[in-house]
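Just upload-v8.cif here, mmCIF, C-alpha atoms:
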data_input
loop_
_atom_site.label_atom_id
_atom_site.label_comp_id
_atom_site.auth_asym_id
_atom_site.auth_seq_id
_atom_site.Cartn_x
_atom_site.Cartn_y
_atom_site.Cartn_z
CA MET A 8 -18.08 -22.54 1.83
CA GLN A 9 -15.26 -23.37 4.24
CA GLN A 10 -14.64 -21.01 7.14
CA GLN A 11 -11.19 -19.47 6.86
CA PRO A 12 -9.06 -18.31 9.81
CA GLU A 13 -9.84 -14.73 10.80
CA SER A 14 -6.30 -13.58 10.01
CA VAL A 15 -6.89 -14.29 6.31
CA LEU A 16 -8.56 -11.30 4.69
CA THR A 17 -11.26 -12.14 2.22
CA PHE A 18 -12.82 -9.00 0.83
CA SER A 19 -14.55 -11.17 -1.77
CA ARG A 20 -16.90 -12.39 0.97
CA ALA A 21 -17.61 -8.89 2.32
CA THR A 22 -20.82 -7.17 1.21
CA LEU A 23 -20.46 -4.03 -0.91
CA HIS A 24 -21.90 -2.07 2.03
CA ASP A 25 -19.31 -3.41 4.49
CA PHE A 26 -16.42 -3.02 2.03
CA LEU A 27 -17.36 0.64 1.50
CA ASP A 28 -17.69 1.13 5.27
CA GLY A 29 -14.19 -0.30 5.72
CA LEU A 30 -12.83 1.89 2.93
CA SER A 31 -14.26 5.05 4.49
CA SER A 32 -13.13 4.30 8.05
CA ALA A 33 -9.92 5.49 9.71
CA ALA A 34 -8.63 1.88 9.65
CA PRO A 35 -5.60 1.72 7.36
CA THR A 36 -6.98 -1.17 5.27
CA PRO A 37 -8.78 -1.49 2.95
CA GLY A 38 -7.48 1.65 1.24
CA GLY A 39 -6.54 2.88 -2.22
CA GLY A 40 -4.68 -0.34 -3.03
CA ALA A 41 -7.66 -2.63 -2.48
CA ALA A 42 -9.91 -0.10 -4.25
CA ALA A 43 -7.67 -0.12 -7.35
CA ALA A 44 -7.63 -3.92 -7.39
CA LEU A 45 -11.41 -4.11 -7.13
CA VAL A 46 -11.93 -1.55 -9.90
CA GLY A 47 -9.59 -3.64 -12.08
CA ALA A 48 -11.68 -6.73 -11.25
CA MET A 49 -14.85 -4.84 -12.23
CA SER A 50 -13.27 -3.96 -15.58
CA ALA A 51 -12.41 -7.63 -16.15
CA ALA A 52 -15.97 -8.65 -15.22
CA LEU A 53 -17.46 -6.21 -17.75
CA ILE A 54 -15.18 -7.55 -20.50
CA SER A 55 -16.42 -11.05 -19.59
CA MET A 56 -20.02 -9.80 -19.80
CA VAL A 57 -19.53 -8.50 -23.36
CA CYS A 58 -17.89 -11.83 -24.32
CA ASN A 59 -20.74 -13.81 -22.74
CA LEU A 60 -23.27 -11.77 -24.76
CA THR A 61 -21.29 -12.33 -27.99
CA ILE A 62 -20.32 -16.01 -27.81
CA GLY A 63 -22.97 -18.33 -29.30
CA ARG A 64 -24.72 -15.60 -31.33
CA PRO A 65 -24.87 -16.47 -35.06
CA ARG A 66 -24.30 -12.80 -35.98
CA TYR A 67 -20.92 -12.90 -34.22
CA SER A 68 -19.78 -16.39 -35.24
CA ALA A 69 -16.73 -14.97 -37.04
CA VAL A 70 -15.28 -13.70 -33.75
CA GLU A 71 -16.41 -16.67 -31.61
CA SER A 72 -12.95 -18.13 -30.98
CA ALA A 73 -11.38 -14.71 -30.40
CA MET A 74 -14.09 -13.90 -27.82
CA LYS A 75 -13.50 -17.23 -26.04
CA ALA A 76 -9.79 -16.45 -25.74
CA ILE A 77 -10.57 -12.96 -24.40
CA LEU A 78 -13.04 -14.43 -21.90
CA ALA A 79 -10.41 -16.86 -20.59
CA HIS A 80 -8.00 -13.94 -20.06
CA SER A 81 -10.58 -11.63 -18.44
CA GLU A 82 -11.88 -14.34 -16.08
CA ARG A 83 -8.35 -15.23 -14.95
CA ALA A 84 -7.60 -11.52 -14.40
CA ARG A 85 -10.85 -11.03 -12.46
CA THR A 86 -9.94 -13.81 -10.01
CA ARG A 87 -6.37 -12.57 -9.63
CA LEU A 88 -7.38 -8.92 -9.11
CA LEU A 89 -9.87 -9.82 -6.40
CA GLN A 90 -7.12 -11.81 -4.61
CA LEU A 91 -4.81 -8.81 -4.95
CA ALA A 92 -7.24 -6.64 -2.96
CA ASP A 93 -6.58 -8.97 -0.01
CA GLU A 94 -2.85 -9.21 -0.67
CA ASP A 95 -2.53 -5.43 -0.78
CA ALA A 96 -4.15 -5.06 2.63
CA LEU A 97 -1.93 -7.79 4.12
CA ALA A 98 1.26 -6.29 2.68
CA TYR A 99 0.32 -2.85 3.98
CA SER A 100 -0.12 -4.31 7.47
CA GLY A 101 3.48 -5.55 7.24
CA VAL A 102 4.74 -1.98 6.74
CA THR A 103 2.76 -0.71 9.72
CA ALA A 104 4.15 -3.56 11.86
CA ALA A 105 7.75 -2.84 10.81
CA TYR A 106 7.46 0.84 11.76
CA LYS A 107 6.27 -0.27 15.22
CA LEU A 108 9.41 -2.37 15.92
CA PRO A 109 11.46 -1.27 18.96
CA GLN A 110 14.22 1.28 18.37
CA GLY A 111 15.85 1.46 21.82
CA SER A 112 19.34 0.15 21.00
CA THR A 113 21.58 0.67 17.97
CA GLU A 114 21.03 -3.00 17.03
CA GLU A 115 17.23 -2.61 17.28
CA ARG A 116 17.30 0.52 15.14
CA SER A 117 19.40 -1.28 12.53
CA GLN A 118 17.08 -4.34 12.51
CA ARG A 119 14.05 -2.04 12.28
CA ALA A 120 15.54 -0.20 9.29
CA VAL A 121 16.11 -3.50 7.48
CA ALA A 122 12.59 -4.73 8.35
CA ILE A 123 11.05 -1.48 7.05
CA GLN A 124 12.91 -1.77 3.73
CA GLN A 125 11.84 -5.40 3.33
CA ALA A 126 8.21 -4.56 4.19
CA LEU A 127 8.17 -1.61 1.76
CA GLU A 128 9.49 -3.81 -1.03
CA ARG A 129 6.89 -6.48 -0.26
CA ALA A 130 4.15 -3.83 -0.07
CA ALA A 131 4.97 -2.66 -3.59
CA GLU A 132 4.32 -6.12 -5.06
CA PRO A 133 0.48 -6.12 -4.94
CA PRO A 134 0.14 -2.65 -6.58
CA LEU A 135 2.75 -3.70 -9.18
CA ALA A 136 0.65 -6.78 -9.93
CA VAL A 137 -2.59 -4.73 -10.06
CA LEU A 138 -0.77 -2.38 -12.44
CA SER A 139 0.20 -5.10 -14.91
CA GLU A 140 -3.04 -7.12 -14.63
CA SER A 141 -5.17 -4.00 -15.21
CA ARG A 142 -2.92 -2.78 -18.02
CA SER A 143 -3.34 -6.14 -19.78
CA LEU A 144 -7.12 -5.56 -19.93
CA LEU A 145 -7.08 -2.44 -22.11
CA PRO A 146 -6.26 -4.24 -25.40
CA LEU A 147 -9.14 -6.65 -24.60
CA CYS A 148 -11.49 -3.68 -24.20
CA LEU A 149 -10.48 -2.53 -27.68
CA GLU A 150 -11.27 -5.99 -29.11
CA VAL A 151 -14.67 -6.34 -27.46
CA ALA A 152 -15.63 -2.74 -28.33
CA ALA A 153 -14.65 -3.28 -31.97
CA HIS A 154 -16.00 -6.81 -32.49
CA GLY A 155 -18.29 -7.74 -29.56
CA ASN A 156 -22.09 -7.51 -29.28
CA VAL A 157 -22.91 -3.92 -30.29
CA ASN A 158 -25.84 -3.77 -27.84
CA VAL A 159 -23.38 -3.72 -24.95
CA VAL A 160 -20.62 -1.62 -26.54
CA SER A 161 -21.03 1.03 -23.82
CA ASP A 162 -20.13 -1.65 -21.25
CA ALA A 163 -16.89 -2.24 -23.18
CA GLY A 164 -16.27 1.52 -22.89
CA VAL A 165 -16.92 1.47 -19.14
CA ALA A 166 -14.53 -1.51 -18.85
CA ALA A 167 -11.84 0.62 -20.55
CA GLU A 168 -12.42 3.60 -18.25
CA LEU A 169 -12.21 1.32 -15.21
CA CYS A 170 -9.02 -0.54 -16.17
CA VAL A 171 -7.31 2.79 -16.94
CA ALA A 172 -8.43 4.13 -13.53
CA ALA A 173 -7.00 0.98 -11.91
CA VAL A 174 -3.71 1.48 -13.76
CA ARG A 175 -3.45 5.17 -12.88
CA SER A 176 -4.39 4.45 -9.25
CA SER A 177 -1.73 1.73 -9.08
CA LEU A 178 0.88 4.18 -10.39
CA LEU A 179 0.16 6.31 -7.30
CA ASN A 180 0.13 3.25 -5.02
CA VAL A 181 3.51 1.97 -6.27
CA ARG A 182 5.01 5.47 -6.12
CA VAL A 183 4.11 6.00 -2.46
CA ASN A 184 6.07 2.85 -1.59
CA LEU A 185 9.17 4.30 -3.24
CA THR A 186 9.25 7.47 -1.11
CA GLU A 187 11.32 5.81 1.62
CA ALA A 188 12.90 3.04 -0.47
CA LYS A 189 16.70 2.80 -0.42
CA SER A 190 17.44 -0.03 -2.88
CA GLU A 191 18.28 1.42 -6.29
CA ALA A 192 17.61 -1.92 -7.99
CA PHE A 193 14.13 -2.08 -6.46
CA VAL A 194 13.34 1.52 -7.41
CA ALA A 195 14.61 0.96 -10.96
CA ARG A 196 12.43 -2.14 -11.35
CA CYS A 197 9.32 -0.28 -10.16
CA GLU A 198 10.05 2.71 -12.38
CA MET A 199 10.41 0.48 -15.43
CA ALA A 200 7.08 -1.24 -14.65
CA MET A 201 5.41 2.17 -14.28
CA ARG A 202 6.82 3.43 -17.59
CA ASP A 203 5.69 0.23 -19.36
CA ALA A 204 2.15 0.59 -17.98
CA GLU A 205 1.87 4.27 -18.93
CA ASN A 206 3.19 3.69 -22.44
CA GLY A 207 0.31 4.24 -24.89
CA LEU A 208 -2.29 4.20 -22.11
CA ASP A 209 -4.15 7.40 -23.03
CA ALA A 210 -4.00 6.74 -26.78
CA GLU A 211 -5.42 3.21 -26.37
CA LEU A 212 -8.22 4.49 -24.14
CA ASP A 213 -9.05 7.20 -26.69
CA ARG A 214 -9.28 4.54 -29.41
CA VAL A 215 -11.76 2.47 -27.39
CA ILE A 216 -13.90 5.50 -26.54
CA ALA A 217 -13.92 6.64 -30.19
CA ILE A 218 -15.28 3.21 -31.21
CA VAL A 219 -17.94 3.30 -28.48
CA ARG A 220 -19.00 6.82 -29.44
CA ALA A 221 -19.22 5.93 -33.14
CA LYS A 222 -21.39 2.89 -32.35
CA THR A 223 -23.69 4.86 -30.02
CA ALA A 224 -24.14 7.89 -32.26
CA PRO A 225 -27.70 9.30 -32.05
CA LYS A 226 -30.03 8.15 -34.83
CA GLU A 227 -31.43 10.90 -37.04
CA ARG A 228 -34.15 12.67 -35.02
CA ARG A 229 -35.33 15.42 -37.35
CA MET B 110 -31.99 -6.60 8.93
CA GLN B 111 -35.46 -6.80 7.39
CA GLN B 112 -35.95 -9.13 4.45
CA GLN B 113 -36.93 -7.16 1.37
CA PRO B 114 -39.08 -8.47 -1.46
CA GLU B 115 -37.01 -10.20 -4.11
CA SER B 116 -37.99 -7.65 -6.73
CA VAL B 117 -36.11 -4.92 -4.87
CA LEU B 118 -32.46 -5.02 -5.88
CA THR B 119 -29.98 -4.43 -3.11
CA PHE B 120 -26.45 -4.70 -4.43
CA SER B 121 -25.23 -3.23 -1.14
CA ARG B 122 -26.01 -6.59 0.52
CA ALA B 123 -24.32 -8.66 -2.20
CA THR B 124 -20.78 -9.89 -1.58
CA LEU B 125 -18.03 -8.51 -3.83
CA HIS B 126 -17.66 -12.01 -5.26
CA ASP B 127 -21.34 -12.29 -6.16
CA PHE B 128 -21.52 -8.73 -7.52
CA LEU B 129 -18.55 -9.44 -9.83
CA ASP B 130 -20.15 -12.75 -10.88
CA GLY B 131 -23.35 -10.88 -11.77
CA LEU B 132 -21.38 -8.22 -13.65
CA SER B 133 -19.55 -10.81 -15.76
CA SER B 134 -22.64 -12.90 -16.59
CA ALA B 135 -24.81 -12.59 -19.69
CA ALA B 136 -27.61 -11.19 -17.50
CA PRO B 137 -28.28 -7.59 -18.54
CA THR B 138 -27.95 -6.23 -14.97
CA PRO B 139 -25.78 -5.35 -13.19
CA GLY B 140 -23.81 -3.75 -16.03
CA GLY B 141 -21.78 -0.63 -16.75
CA GLY B 142 -24.30 1.61 -15.01
CA ALA B 143 -24.11 -0.16 -11.66
CA ALA B 144 -20.32 -0.44 -12.04
CA ALA B 145 -19.98 3.32 -12.56
CA ALA B 146 -22.17 4.02 -9.51
CA LEU B 147 -20.13 1.67 -7.34
CA VAL B 148 -16.82 3.18 -8.48
CA GLY B 149 -18.23 6.61 -7.58
CA ALA B 150 -19.20 5.26 -4.15
CA MET B 151 -15.64 3.92 -3.69
CA SER B 152 -14.25 7.37 -4.53
CA ALA B 153 -16.56 8.93 -1.92
CA ALA B 154 -15.49 6.31 0.66
CA LEU B 155 -11.79 7.08 0.09
CA ILE B 156 -12.43 10.81 0.53
CA SER B 157 -14.17 9.95 3.82
CA MET B 158 -11.15 7.84 4.85
CA VAL B 159 -8.76 10.77 4.35
CA CYS B 160 -11.13 13.04 6.33
CA ASN B 161 -11.39 10.47 9.14
CA LEU B 162 -7.58 10.30 9.35
CA THR B 163 -7.31 14.12 9.45
CA ILE B 164 -10.11 15.15 11.83
CA GLY B 165 -9.02 15.21 15.47
CA ARG B 166 -5.27 15.37 14.73
CA PRO B 167 -3.61 18.43 16.36
CA ARG B 168 -1.33 18.89 13.31
CA TYR B 169 -4.42 19.43 11.11
CA SER B 170 -6.56 21.47 13.53
CA ALA B 171 -6.58 24.44 11.12
CA VAL B 172 -8.56 22.41 8.56
CA GLU B 173 -10.76 20.54 11.08
CA SER B 174 -14.05 22.25 10.20
CA ALA B 175 -13.36 22.12 6.45
CA MET B 176 -12.68 18.38 6.71
CA LYS B 177 -15.90 17.83 8.66
CA ALA B 178 -17.88 19.59 5.91
CA ILE B 179 -16.16 17.49 3.23
CA LEU B 180 -16.89 14.31 5.20
CA ALA B 181 -20.59 15.17 5.41
CA HIS B 182 -20.68 15.64 1.61
CA SER B 183 -18.70 12.48 0.82
CA GLU B 184 -20.75 10.29 3.17
CA ARG B 185 -24.02 11.56 1.70
CA ALA B 186 -22.67 10.93 -1.82
CA ARG B 187 -21.48 7.43 -0.88
CA THR B 188 -24.98 6.45 0.30
CA ARG B 189 -26.64 7.98 -2.75
CA LEU B 190 -24.24 6.38 -5.25
CA LEU B 191 -24.73 2.92 -3.78
CA GLN B 192 -28.53 3.40 -4.09
CA LEU B 193 -28.02 4.50 -7.70
CA ALA B 194 -26.42 1.15 -8.55
CA ASP B 195 -29.77 -0.46 -7.71
CA GLU B 196 -31.82 2.26 -9.44
CA ASP B 197 -29.77 1.90 -12.61
CA ALA B 198 -30.45 -1.83 -12.79
CA LEU B 199 -34.18 -1.30 -12.17
CA ALA B 200 -34.46 1.43 -14.81
CA TYR B 201 -32.64 -0.73 -17.34
CA SER B 202 -35.12 -3.55 -16.73
CA GLY B 203 -37.89 -1.09 -17.69
CA VAL B 204 -36.32 -0.56 -21.11
CA THR B 205 -36.03 -4.29 -21.71
CA ALA B 206 -39.68 -4.76 -20.69
CA ALA B 207 -40.88 -1.97 -23.02
CA TYR B 208 -39.11 -3.51 -26.01
CA LYS B 209 -40.92 -6.80 -25.27
CA LEU B 210 -44.41 -5.22 -25.48
CA PRO B 211 -46.71 -6.66 -28.21
CA GLN B 212 -46.57 -5.03 -31.64
CA GLY B 213 -49.37 -6.88 -33.46
CA SER B 214 -51.79 -4.02 -34.15
CA THR B 215 -51.18 -0.40 -35.11
CA GLU B 216 -52.42 0.64 -31.67
CA GLU B 217 -50.05 -1.80 -29.93
CA ARG B 218 -47.12 -0.54 -31.98
CA SER B 219 -47.98 3.04 -31.11
CA GLN B 220 -48.34 2.24 -27.38
CA ARG B 221 -45.06 0.31 -27.49
CA ALA B 222 -43.25 3.25 -29.10
CA VAL B 223 -44.49 5.59 -26.36
CA ALA B 224 -43.54 3.09 -23.63
CA ILE B 225 -40.04 2.72 -25.09
CA GLN B 226 -39.49 6.48 -25.12
CA GLN B 227 -40.71 6.79 -21.51
CA ALA B 228 -38.50 3.89 -20.39
CA LEU B 229 -35.44 5.33 -22.18
CA GLU B 230 -35.96 8.71 -20.50
CA ARG B 231 -36.36 7.04 -17.11
CA ALA B 232 -33.28 4.88 -17.75
CA ALA B 233 -31.16 7.98 -18.34
CA GLU B 234 -31.95 9.37 -14.88
CA PRO B 235 -29.69 7.07 -12.78
CA PRO B 236 -26.60 7.61 -15.01
CA LEU B 237 -27.34 11.37 -15.01
CA ALA B 238 -27.42 11.28 -11.21
CA VAL B 239 -24.20 9.19 -11.04
CA LEU B 240 -22.65 11.75 -13.39
CA SER B 241 -23.43 14.74 -11.18
CA GLU B 242 -22.77 12.99 -7.84
CA SER B 243 -19.39 11.72 -9.03
CA ARG B 244 -18.50 15.07 -10.60
CA SER B 245 -19.19 16.79 -7.27
CA LEU B 246 -16.49 14.65 -5.63
CA LEU B 247 -13.51 15.89 -7.66
CA PRO B 248 -13.23 19.31 -5.90
CA LEU B 249 -13.32 17.41 -2.58
CA CYS B 250 -10.40 15.25 -3.76
CA LEU B 251 -8.43 18.44 -4.44
CA GLU B 252 -9.14 19.71 -0.90
CA VAL B 253 -8.19 16.48 0.89
CA ALA B 254 -5.07 16.04 -1.29
CA ALA B 255 -3.97 19.61 -0.57
CA HIS B 256 -4.89 19.84 3.12
CA GLY B 257 -5.64 16.35 4.48
CA ASN B 258 -3.35 13.91 6.31
CA VAL B 259 -0.24 13.64 4.12
CA ASN B 260 0.27 9.97 5.05
CA VAL B 261 -2.80 9.05 2.99
CA VAL B 262 -2.38 11.55 0.16
CA SER B 263 -2.12 8.70 -2.37
CA ASP B 264 -5.64 7.60 -1.30
CA ALA B 265 -6.86 11.11 -2.16
CA GLY B 266 -5.26 10.61 -5.58
CA VAL B 267 -6.95 7.23 -6.05
CA ALA B 268 -10.27 8.86 -5.05
CA ALA B 269 -9.74 11.42 -7.84
CA GLU B 270 -8.96 8.74 -10.44
CA LEU B 271 -12.07 6.80 -9.42
CA CYS B 272 -14.53 9.70 -9.48
CA VAL B 273 -13.24 10.74 -12.91
CA ALA B 274 -13.67 7.15 -14.14
CA ALA B 275 -17.24 7.19 -12.76
CA VAL B 276 -17.94 10.48 -14.57
CA ARG B 277 -16.45 9.30 -17.87
CA SER B 278 -18.30 5.96 -17.61
CA SER B 279 -21.56 7.81 -16.93
CA LEU B 280 -21.03 9.95 -20.03
CA LEU B 281 -21.07 6.69 -22.04
CA ASN B 282 -24.07 5.36 -20.09
CA VAL B 283 -26.14 8.51 -20.66
CA ARG B 284 -25.14 8.67 -24.32
CA VAL B 285 -26.30 5.13 -25.07
CA ASN B 286 -29.79 6.09 -23.84
CA LEU B 287 -29.92 8.93 -26.36
CA THR B 288 -29.34 6.74 -29.41
CA GLU B 289 -33.04 6.02 -29.84
CA ALA B 290 -34.43 9.08 -28.02
CA LYS B 291 -36.90 11.23 -29.93
CA SER B 292 -37.61 14.11 -27.51
CA GLU B 293 -35.41 17.08 -28.38
CA ALA B 294 -35.97 18.61 -24.93
CA PHE B 295 -34.81 15.42 -23.23
CA VAL B 296 -31.74 15.13 -25.46
CA ALA B 297 -30.86 18.81 -24.89
CA ARG B 298 -31.10 18.40 -21.12
CA CYS B 299 -28.82 15.34 -21.18
CA GLU B 300 -26.31 17.05 -23.46
CA MET B 301 -26.13 20.07 -21.17
CA ALA B 302 -25.54 17.82 -18.14
CA MET B 303 -22.78 16.01 -20.03
CA ARG B 304 -21.08 19.27 -21.04
CA ASP B 305 -21.25 20.56 -17.46
CA ALA B 306 -19.67 17.37 -16.11
CA GLU B 307 -16.86 17.35 -18.69
CA ASN B 308 -16.04 21.03 -18.17
CA GLY B 309 -12.64 21.27 -16.45
CA LEU B 310 -12.61 17.54 -15.61
CA ASP B 311 -9.14 16.68 -16.96
CA ALA B 312 -7.55 19.89 -15.66
CA GLU B 313 -8.93 19.32 -12.14
CA LEU B 314 -7.72 15.72 -12.13
CA ASP B 315 -4.27 16.85 -13.27
CA ARG B 316 -4.14 19.33 -10.37
CA VAL B 317 -4.96 16.63 -7.82
CA ILE B 318 -2.38 14.22 -9.25
CA ALA B 319 0.30 16.96 -9.33
CA ILE B 320 -0.28 17.56 -5.61
CA VAL B 321 -0.13 13.83 -4.83
CA ARG B 322 3.07 13.40 -6.86
CA ALA B 323 4.73 16.39 -5.17
CA LYS B 324 3.87 15.02 -1.71
CA THR B 325 5.09 11.50 -2.57
CA ALA B 326 8.35 12.54 -4.25
CA PRO B 327 11.17 10.09 -3.47
CA LYS B 328 13.48 11.15 -0.63
CA GLU B 329 17.14 11.67 -1.59
CA ARG B 330 18.68 8.20 -1.97
CA ARG B 331 22.27 8.98 -2.98
#
This structure in structure tokens:
Amino acid sequence: MQQQPESVLTFSRATLHDFLDGLSSAAPTPGGGAAAALVGAMSAALISMVCNLTIGRPRYSAVESAMKAILAHSERARTRLLQLADEDALAYSGVTAAYKLPQGSTEERSQRAVAIQQALERAAEPPLAVLSESRSLLPLCLEVAAHGNVNVVSDAGVAAELCVAAVRSSLLNVRVNLTEAKSEAFVARCEMAMRDAENGLDAELDRVIAIVRAKTAPKERR
Amino acid sequence: MQQQPESVLTFSRATLHDFLDGLSSAAPTPGGGAAAALVGAMSAALISMVCNLTIGRPRYSAVESAMKAILAHSERARTRLLQLADEDALAYSGVTAAYKLPQGSTEERSQRAVAIQQALERAAEPPLAVLSESRSLLPLCLEVAAHGNVNVVSDAGVAAELCVAAVRSSLLNVRVNLTEAKSEAFVARCEMAMRDAENGLDAELDRVIAIVRAKTAPKERR
């Protein structure tokens, strides 16, 4: 593997232990944004796992091509979400840097205000992307829970819980970037993305969990 | 760091990239159990982060000792949950091994049936522990959201979303172990643990999120 410059964050190469250490420390990154992205990536990985345990099994040949299409989507999302953990941390650093700009003269204060607004808008992009990538996974969870290998249906359920947690976390992460935002167009765009992501979220999750529960009902014991 | 025998799983030393690769593969472990444990550990780490950014700040001196107590709990839980990711994978391997036991003679079939029941009961222990460890984090999220450093209140909200996802995932992971269980005492114990964990879960999460939303309300723009 090629060595990358130190300035480029690559959480993907951190160990779980070190990532958790970084998350728990007083350092500003990684924080809730990177955590949401990683949880979304874990959801995508579990969807891929169910697909990989379904594809090639004679019993599931009827859904073979559907599972291959789902796998392509979940693998692409997994890669993107892991990248977004890095991008979130980088964008957050931009906000911190903007707040540290000098504010001695009127001109400096004006330049700092512009830089803060630009940094806030840039910082909202990774959580917005985590929001939409994670939201796109929930319909896949429904498909793999309904039609994938029944032996791993609980993993499809866990995938659904995790992508919904990533969505709901991203709603908080986008919202915190709007607190100080001044551009109405930017705020309106974020609010529309948040409404779209929330639309039907709980109902879709309930549907997945109902399928998982039905397929893992206890066998008659008495 | 000492080299451990290969048979001992140590996800904590895996990179995020490799852990996600393992999760997505057709290999039975890691799966939804390890994922739930890791998401619980991420919740604990974010609670620790908020504590670490609150302790020692004059503005928050009134809650200093409370935050130190929360930090001790969250750090202990983080360590335990990361261990449980390994224990879950190990316990699952025991179930797979029991199902592969010979079933040629009546005696072999009887021994295999006993081994399967024992392995299923052992396999339920890690998800039961993830369930209770993760559930214990939600009241801490409420405390750090209400009284911790307001600049990272959204991280307290993400911590709440993640521990609830870990709890809900563990409910599915425990349940799947009960499908084939024959001991009524074992099933009753699991069902009581599941009811305890679910009790008040949604209402507590809603309280945390309401606090986070109130503290991240947009400033007047017009």
* To do: Provide as a ChimeraX atom specification the residues of chain B at most 6 Å from chain A, counting all atoms listed in the file.
  => /B:121-126,132-135,141,154-155,157-158,161-162,263-264,267,270,274,278,281,285,288,291,325,327-328,330
Take the residues just selected and output them with C-alpha atoms as a PDB file, keeping the file's coordinate frame.
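This went into part_17.pdb:
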ATOM      1  CA  SER B 121     -25.230  -3.230  -1.140  1.00  0.00           C
ATOM      2  CA  ARG B 122     -26.010  -6.590   0.520  1.00  0.00           C
ATOM      3  CA  ALA B 123     -24.320  -8.660  -2.200  1.00  0.00           C
ATOM      4  CA  THR B 124     -20.780  -9.890  -1.580  1.00  0.00           C
ATOM      5  CA  LEU B 125     -18.030  -8.510  -3.830  1.00  0.00           C
ATOM      6  CA  HIS B 126     -17.660 -12.010  -5.260  1.00  0.00           C
ATOM      7  CA  LEU B 132     -21.380  -8.220 -13.650  1.00  0.00           C
ATOM      8  CA  SER B 133     -19.550 -10.810 -15.760  1.00  0.00           C
ATOM      9  CA  SER B 134     -22.640 -12.900 -16.590  1.00  0.00           C
ATOM     10  CA  ALA B 135     -24.810 -12.590 -19.690  1.00  0.00           C
ATOM     11  CA  GLY B 141     -21.780  -0.630 -16.750  1.00  0.00           C
ATOM     12  CA  ALA B 154     -15.490   6.310   0.660  1.00  0.00           C
ATOM     13  CA  LEU B 155     -11.790   7.080   0.090  1.00  0.00           C
ATOM     14  CA  SER B 157     -14.170   9.950   3.820  1.00  0.00           C
ATOM     15  CA  MET B 158     -11.150   7.840   4.850  1.00  0.00           C
ATOM     16  CA  ASN B 161     -11.390  10.470   9.140  1.00  0.00           C
ATOM     17  CA  LEU B 162      -7.580  10.300   9.350  1.00  0.00           C
ATOM     18  CA  SER B 263      -2.120   8.700  -2.370  1.00  0.00           C
ATOM     19  CA  ASP B 264      -5.640   7.600  -1.300  1.00  0.00           C
ATOM     20  CA  VAL B 267      -6.950   7.230  -6.050  1.00  0.00           C
ATOM     21  CA  GLU B 270      -8.960   8.740 -10.440  1.00  0.00           C
ATOM     22  CA  ALA B 274     -13.670   7.150 -14.140  1.00  0.00           C
ATOM     23  CA  SER B 278     -18.300   5.960 -17.610  1.00  0.00           C
ATOM     24  CA  LEU B 281     -21.070   6.690 -22.040  1.00  0.00           C
ATOM     25  CA  VAL B 285     -26.300   5.130 -25.070  1.00  0.00           C
ATOM     26  CA  THR B 288     -29.340   6.740 -29.410  1.00  0.00           C
ATOM     27  CA  LYS B 291     -36.900  11.230 -29.930  1.00  0.00           C
ATOM     28  CA  THR B 325       5.090  11.500  -2.570  1.00  0.00           C
ATOM     29  CA  PRO B 327      11.170  10.090  -3.470  1.00  0.00           C
ATOM     30  CA  LYS B 328      13.480  11.150  -0.630  1.00  0.00           C
ATOM     31  CA  ARG B 330      18.680   8.200  -1.970  1.00  0.00           C
TER      32      ARG B 330
END
* Quote the spacing between CA of Ala192 in chain A and CA of Val317 in chain B in Å to one decimal place. =>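 It comes out at 29.2 Å.
Going from CA of Ala73 in chain A to CA of Glu205 in chain A covers 25.8 Å.
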Residues proximal to (-19.8, 10.8, -6.5) were defined as those with any atom within 6 Å of that point in the file's coordinates, counting all atoms listed in the file. Which are they, as a compact mmCIF listing (two decimals) with C-alpha atoms, in the coordinates of the input?
# COMPACT_ATOMS: atom_id res chain seq x y z
CA GLY B 149 -18.23 6.61 -7.58
CA ALA B 153 -16.56 8.93 -1.92
CA ALA B 186 -22.67 10.93 -1.82
CA GLU B 242 -22.77 12.99 -7.84
CA SER B 243 -19.39 11.72 -9.03
CA LEU B 246 -16.49 14.65 -5.63
Give as a JSON list (two decimals) with C-alpha atoms, keeping the file's coordinate frame every residue, naming chains and numbers as the document does, that has an atom within 8 Å of (-13.0, -1.7, -31.1), counting only C-alpha atoms.
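Contents of the output file out.json:
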[["chain", "number", "residue", "atom", "x", "y", "z"],
["A", 148, "CYS", "CA", -11.49, -3.68, -24.20],
["A", 149, "LEU", "CA", -10.48, -2.53, -27.68],
["A", 150, "GLU", "CA", -11.27, -5.99, -29.11],
["A", 151, "VAL", "CA", -14.67, -6.34, -27.46],
["A", 152, "ALA", "CA", -15.63, -2.74, -28.33],
["A", 153, "ALA", "CA", -14.65, -3.28, -31.97],
["A", 154, "HIS", "CA", -16.00, -6.81, -32.49],
["A", 214, "ARG", "CA", -9.28, 4.54, -29.41],
["A", 215, "VAL", "CA", -11.76, 2.47, -27.39],
["A", 218, "ILE", "CA", -15.28, 3.21, -31.21],
["A", 219, "VAL", "CA", -17.94, 3.30, -28.48]]
* How many Å lie between CA of Leu138 in chain A and CA of Ala126 in chain A, rounded to one decimal? ->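 Result for CA of Leu138 in chain A versus CA of Ala126 in chain A: 19.0 Å, one decimal.
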* Target residues per the PyMOL selection byres ((chain A and resi 91) around 9), formatted as a list in words ->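 Output from the PyMOL selection byres ((chain A and resi 91) around 9), applied to this file: Gly40, Ala41, Ala44, Leu45, Thr86, Arg87, Leu88, Leu89, Gln90, Ala92, Asp93, Glu94, Asp95, Ala96, Pro133, Pro134, Ala136 and Val137 of chain A.
Every protein or nucleic acid residue with an atom no more than 10 Å from Gln110 in chain A, counting all atoms listed in the file and leaving out same-chain residues fewer than 6 positions away, appears here: A:Arg116, A:Ser117, A:Gln118, A:Arg119, A:Ala120.
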